[in-house]
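Chemist: I'd like to ask some things about the structure below.
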Amino acid sequence: MGSGAAAKSSERRESDPSVQLDGALRAVVAADRLALSESIVGNEELLHRRLTVFYGYFAALVVVSWLASLASPPPVDWEPETTARIVRIQAAFACTLTGVYVALRFRVRSARTLRVVDAAATLFTSLAAGAALAHVPFTGSVDVSAVAFFILFFLLRAALVPSRPWVATGISALCAVPFTLGLALMYRRSSAPVGFDAAEATYSVIANFAAAIGGVFMVSKTFYGLRGAVERAVQLGQYIVHEKIGEGAMGAVYRASHAMLKRPTAIKLIAPGRSGEKATARFEREVMAASRLSHPNHVAIYDFGRTRGGVFYYAMELLEGEDLARLVEREGAQPERRTVRILQQVCAALAEAHQAGLVHRDVKPENIMLCSRGSARDFVKVLDFGLVKDEAASSGVKITNDGTIAGTPLYMAPESILAPETVGAAADSYGLGCVAYFLLTSKPPFHGDNLVEVCTAHIHHVPAAPSSHAPQPVSALLDGLVLRCLEKSPEARPSMNELNELLLRAMEGSRSEGAEARARFGTA
């Protein structure tokens, strides 16, 4: 399956919107992540920026709070020793967070060090807040401020610092312990008003902390899930890949969409293990060849490029339909008129390719797709120029080895087997003759138990006329035309332009026979 694996509606399946990282795409993603990790815009820089913003904000908040406590008189019921102890704790807290911010801003860069600094600063924040609460006399509003600080600190941390939900929740729960102990000590040793129950207040704080920790989990899960979705939504250039829809010898095909235009697109990229010089050159040749063709029965090429890891890909129109192999599997042998309409469109497409000096070399039912274009049914698209031969090319890279057989055995011309280096446009005529035979009879002209038998039949055997196997009538004109395409000698086969004219005569003959039959039997 090649380019035309683009999108067959009969093969569409329900799937997660994120792409399955298998086959070629896994290799692309691995290469991209390696390249990305070596660039300056990797995950370390993102983590560094977020931690710097986070600790810069809280450092400023704590410094302002400390300066405010120095400027304002302490509560009248506070002892000077208590006030001095609280101010010292605030000063230590402010200096520590400011130091963390300065270190992040100017010194710390590696991911491991960033994580260590974050863990130490988070733990110190909880210990400092707990120690301050343990020494603060009860005022009725201190506990509310402490819980609010706790919630703000850990909710913002869950949103800004990327970490797994259970990790963020565990850190929050661990750091809630000093907060809770500090509040409990404050309640128990303070002179609370009448009716105040220290145990009940402690349980209430624990319940609030539990709710806050649940919020941390939800926030972290949401942001981490979005981050994971972005990582799974692999992007190749301007295209976002969604799911794999086909794979062939040369490459894999994925359903995608343009990031800005949202246009449905098919992306083809080179298969795993085929990224050497020859494979890459051959793959690029396929794109260049297809991009030179403008006939509507060819697949339109939108764009091409390379990933960060150097993997070549190209974007093409996404097709909805089914190939001829699936059509015959589902419906059986096709009537003559429909077969001729399909063959005419294939001829027109291949005639343009031949005029441009390109030989397809792999004309087969799987590489011919039937689509719908507006009200037009059976609109043909010729697919997969992966084995294309450019007769006018002069490349410095030797892409195929001499004597290498290229094509699909059931539809290969004799010269493709005996002398692959001599293959020309006539080989496509032979392949199209095999396709016509398959459409009319639901079976290829030659078959065998193994590759040798099939190749021997192509070289030596003369096929029976399609009409002898077809379940529906086949005209003598079309019978003879198919057999001409299957001649052993390339010179005896018709060109695509000649074949198109002969098919037009066959179509006109079929119409006249139908009109004569309707007149004979008095039907409308």
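Just so we're on the same page: first chain in the structure tokens is A, next is B, and so on; residues restart at 1 for each chain, and ligands are numbered from 1 in the order they show up.
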Find the residues near stretch 424-426 of chain A: any atom within 9 Å, counting only C-alpha atoms, skip ones fewer than 4 places away on the same chain, and give them as number ranges by chain.
Modeler: A: 350, 354, 357-361, 389, 391, 413, 430-431, 485, 489-496
Chemist: Can you write just those residues out, C-alpha atoms, as a PDB file, in the first residue's frame?
Modeler:
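Once everything was written out, this is result_30.pdb:
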ATOM      1  CA  LEU A 350      -0.539   7.494 -17.007  1.00  0.00           C
ATOM      2  CA  HIS A 354       4.665   8.988 -19.715  1.00  0.00           C
ATOM      3  CA  GLY A 357       9.183  10.772 -18.880  1.00  0.00           C
ATOM      4  CA  LEU A 358       7.878   8.833 -15.855  1.00  0.00           C
ATOM      5  CA  VAL A 359       7.069   5.119 -15.778  1.00  0.00           C
ATOM      6  CA  HIS A 360       4.920   3.968 -12.853  1.00  0.00           C
ATOM      7  CA  ARG A 361       6.131   0.304 -12.865  1.00  0.00           C
ATOM      8  CA  LYS A 389      11.325   5.284 -13.157  1.00  0.00           C
ATOM      9  CA  GLU A 391      13.741   7.901 -17.956  1.00  0.00           C
ATOM     10  CA  ALA A 413       5.403  -7.291 -17.475  1.00  0.00           C
ATOM     11  CA  TYR A 430       0.890  -4.519 -19.478  1.00  0.00           C
ATOM     12  CA  GLY A 431       0.042  -3.770 -15.844  1.00  0.00           C
ATOM     13  CA  CYS A 485      -1.980  -5.101 -23.546  1.00  0.00           C
ATOM     14  CA  SER A 489       6.673  -7.981 -26.687  1.00  0.00           C
ATOM     15  CA  PRO A 490       6.593  -4.371 -25.410  1.00  0.00           C
ATOM     16  CA  GLU A 491       6.420  -3.066 -29.003  1.00  0.00           C
ATOM     17  CA  ALA A 492       3.155  -4.944 -29.609  1.00  0.00           C
ATOM     18  CA  ARG A 493       1.318  -3.207 -26.785  1.00  0.00           C
ATOM     19  CA  PRO A 494      -0.664  -0.008 -27.298  1.00  0.00           C
ATOM     20  CA  SER A 495       0.500   3.278 -25.792  1.00  0.00           C
ATOM     21  CA  MET A 496      -1.686   4.981 -23.227  1.00  0.00           C
TER      22      MET A 496
END
Chemist: Can you pull out the residues contacting A:His460? Cut-off 10 Å, using only C-alpha atoms, and skip same-chain residues under 5 positions away; I want them as JSON, numbers by chain.
Modeler: {"A": [414, 455, 488]}
Chemist: Skip stretch 255-263 of chain A itself and residues of its chain fewer than 4 positions away, then list as a list in words all residues within 6 Å of it, counting only C-alpha atoms.
Modeler: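 After dropping sequence-adjacent residues, the list is Gln238, Tyr239, Ile240, Val241, His242 and Glu243 of chain A.
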Chemist: Those residues you just picked out, can you put them in a file as a compact mmCIF listing (two decimals), in the first residue's frame with C-alpha atoms?
Modeler:
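Now in out_9.txt:
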# COMPACT_ATOMS: atom_id res chain seq x y z
CA GLN A 238 2.67 22.36 9.55
CA TYR A 239 0.77 19.06 9.88
CA ILE A 240 -0.57 17.33 12.98
CA VAL A 241 -0.62 13.52 12.70
CA HIS A 242 -3.68 11.70 14.07
CA GLU A 243 -3.60 8.00 13.16
Chemist: Mind the document's chain letters and residue numbers, and return as a list of chain:residue names the residues of stretch 309-347 of chain A that DSSP labels strand (DSSP E or B).
Modeler: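 Taking stretch 309-347 of chain A and keeping strand (DSSP E or B) gives A:Phe312, A:Tyr313, A:Tyr314, A:Ala315, A:Met316, A:Glu317, A:Gly321, A:Glu322, A:Asp323.
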Chemist: Could those residues be written to a file, using C-alpha atoms, as an mmCIF file, in the first residue's frame?
Modeler:
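Result file selection_36.cif:
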data_model
loop_
_atom_site.group_PDB
_atom_site.id
_atom_site.type_symbol
_atom_site.label_atom_id
_atom_site.label_comp_id
_atom_site.auth_asym_id
_atom_site.auth_seq_id
_atom_site.Cartn_x
_atom_site.Cartn_y
_atom_site.Cartn_z
ATOM 1 C CA PHE A 312 11.745 12.806 4.968
ATOM 2 C CA TYR A 313 7.968 13.101 4.616
ATOM 3 C CA TYR A 314 5.398 14.592 2.288
ATOM 4 C CA ALA A 315 1.788 15.733 2.557
ATOM 5 C CA MET A 316 -0.863 14.866 -0.027
ATOM 6 C CA GLU A 317 -4.604 15.000 -0.455
ATOM 7 C CA GLY A 321 -12.906 5.667 -1.215
ATOM 8 C CA GLU A 322 -11.697 2.171 -1.936
ATOM 9 C CA ASP A 323 -9.134 0.638 -4.246
#
Chemist: Set the distance at 7 Å and use only C-alpha atoms: which residues neighbour A:Asn367 once local chain neighbours fewer than 4 positions away are removed? I'd like the list as a ChimeraX atom specification.
Modeler: /A:4,323,363,382-384
Chemist: Residues as selected, N, CA and C atoms, written as a PDB file, in the first residue's frame, can you do that?
Modeler:
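Result file is again-v6.pdb:
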ATOM      1  N   GLY A   4      -1.768   5.895  -1.893  1.00  0.00           N
ATOM      2  CA  GLY A   4      -3.211   5.792  -1.890  1.00  0.00           C
ATOM      3  C   GLY A   4      -3.772   5.187  -0.658  1.00  0.00           C
ATOM      4  N   ASP A 323      -9.910   1.009  -3.070  1.00  0.00           N
ATOM      5  CA  ASP A 323      -9.134   0.638  -4.246  1.00  0.00           C
ATOM      6  C   ASP A 323      -9.844  -0.474  -5.004  1.00  0.00           C
ATOM      7  N   VAL A 363       1.592  -0.690 -11.629  1.00  0.00           N
ATOM      8  CA  VAL A 363       0.161  -0.536 -11.880  1.00  0.00           C
ATOM      9  C   VAL A 363      -0.535  -1.817 -11.430  1.00  0.00           C
ATOM     10  N   VAL A 382      -4.830   7.574  -9.366  1.00  0.00           N
ATOM     11  CA  VAL A 382      -3.703   6.652  -9.522  1.00  0.00           C
ATOM     12  C   VAL A 382      -2.702   6.952  -8.416  1.00  0.00           C
ATOM     13  N   LEU A 383      -2.330   5.911  -7.692  1.00  0.00           N
ATOM     14  CA  LEU A 383      -1.546   6.093  -6.469  1.00  0.00           C
ATOM     15  C   LEU A 383      -0.149   5.510  -6.578  1.00  0.00           C
ATOM     16  N   ASP A 384       0.665   5.892  -5.616  1.00  0.00           N
ATOM     17  CA  ASP A 384       1.954   5.270  -5.322  1.00  0.00           C
ATOM     18  C   ASP A 384       2.931   5.261  -6.486  1.00  0.00           C
TER      19      ASP A 384
END
Chemist: Per residue of stretch 404-437 of chain A within 12 Å of stretch 464-473 of chain A, what are the shortest atom pair and its distance in Å to one decimal, counting only C-alpha atoms, with rows by chain and residue number, as CSV?
Modeler:
residue,atom,partner,partner_atom,distance
A:Gly433,CA,A:Pro466,CA,10.4
A:Cys434,CA,A:Pro466,CA,10.2
A:Val435,CA,A:Pro466,CA,11.3
A:Ala436,CA,A:Pro466,CA,8.8
A:Tyr437,CA,A:Pro466,CA,5.9
Chemist: List as JSON lines every residue of stretch 57-129 of chain A that is in contact with stretch 152-163 of chain A, defined as an atom at most 10 Å from one of its atoms (using only C-alpha atoms), together with the nearest atom pair and the distance in Å rounded to one decimal, sorted by chain and then rising number.
Modeler:
{"residue": "A:Phe58", "atom": "CA", "partner": "A:Phe153", "partner_atom": "CA", "distance": 7.9}
{"residue": "A:Arg115", "atom": "CA", "partner": "A:Val161", "partner_atom": "CA", "distance": 9.8}
{"residue": "A:Asp118", "atom": "CA", "partner": "A:Val161", "partner_atom": "CA", "distance": 9.2}
{"residue": "A:Thr122", "atom": "CA", "partner": "A:Phe154", "partner_atom": "CA", "distance": 9.0}
{"residue": "A:Thr125", "atom": "CA", "partner": "A:Phe153", "partner_atom": "CA", "distance": 9.3}
{"residue": "A:Ser126", "atom": "CA", "partner": "A:Phe153", "partner_atom": "CA", "distance": 9.9}
Chemist: In Å to one decimal, how far is atom CA of A:Ser294 from atom CA of A:Leu410?
Modeler: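 Answer for the atom CA of A:Leu410 to atom CA of A:Ser294 separation: 28.8 Å.
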Chemist: Can you measure atom CA of A:Glu247 to atom CA of A:Val287 for me? One decimal in Å is fine.
Modeler: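 Atom-to-atom, atom CA of A:Glu247 to atom CA of A:Val287, that is 16.6 Å.
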Chemist: For A:Ala349, which residue out of A:Glu366, A:Asp428, A:Glu329, A:Glu45 is the nearest one, using only C-alpha atoms?
Modeler: A:Asp428
Chemist: Check stretch 64-174 of chain A with DSSP on the backbone and list each residue it calls alpha helix (DSSP H), as a VMD selection string.
Modeler: chain A and resid 64 to 71 80 to 106 111 to 135 142 to 160 165 to 174
Chemist: Can you work out which one of A:Ala300, A:Ala119, A:Val311, A:Val253 has the shortest atom-to-atom distance to A:Gly237, counting only C-alpha atoms?
Modeler: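 Checking each candidate against A:Gly237, we get A:Val311 as the closest.
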Chemist: How many Å lie between atom CA of A:Arg306 and atom CA of A:Leu293, rounded to one decimal?
Modeler: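 Between atom CA of A:Arg306 and atom CA of A:Leu293 the gap works out to 21.9 Å.
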Chemist: For A:Pro73, please output as number ranges by chain all residues within 12 Å (counting only C-alpha atoms; exclusion window: fewer than 6 positions along the same chain).
Modeler: A: 67, 79-80, 83-84, 87
Chemist: Using only C-alpha atoms, pick whichever of A:Ile245, A:Ile171, A:Leu319, A:Leu439 has the shortest atom-to-atom distance to A:Gln334.
Modeler: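 Using only C-alpha atoms, the shortest distance to A:Gln334 belongs to A:Leu439.
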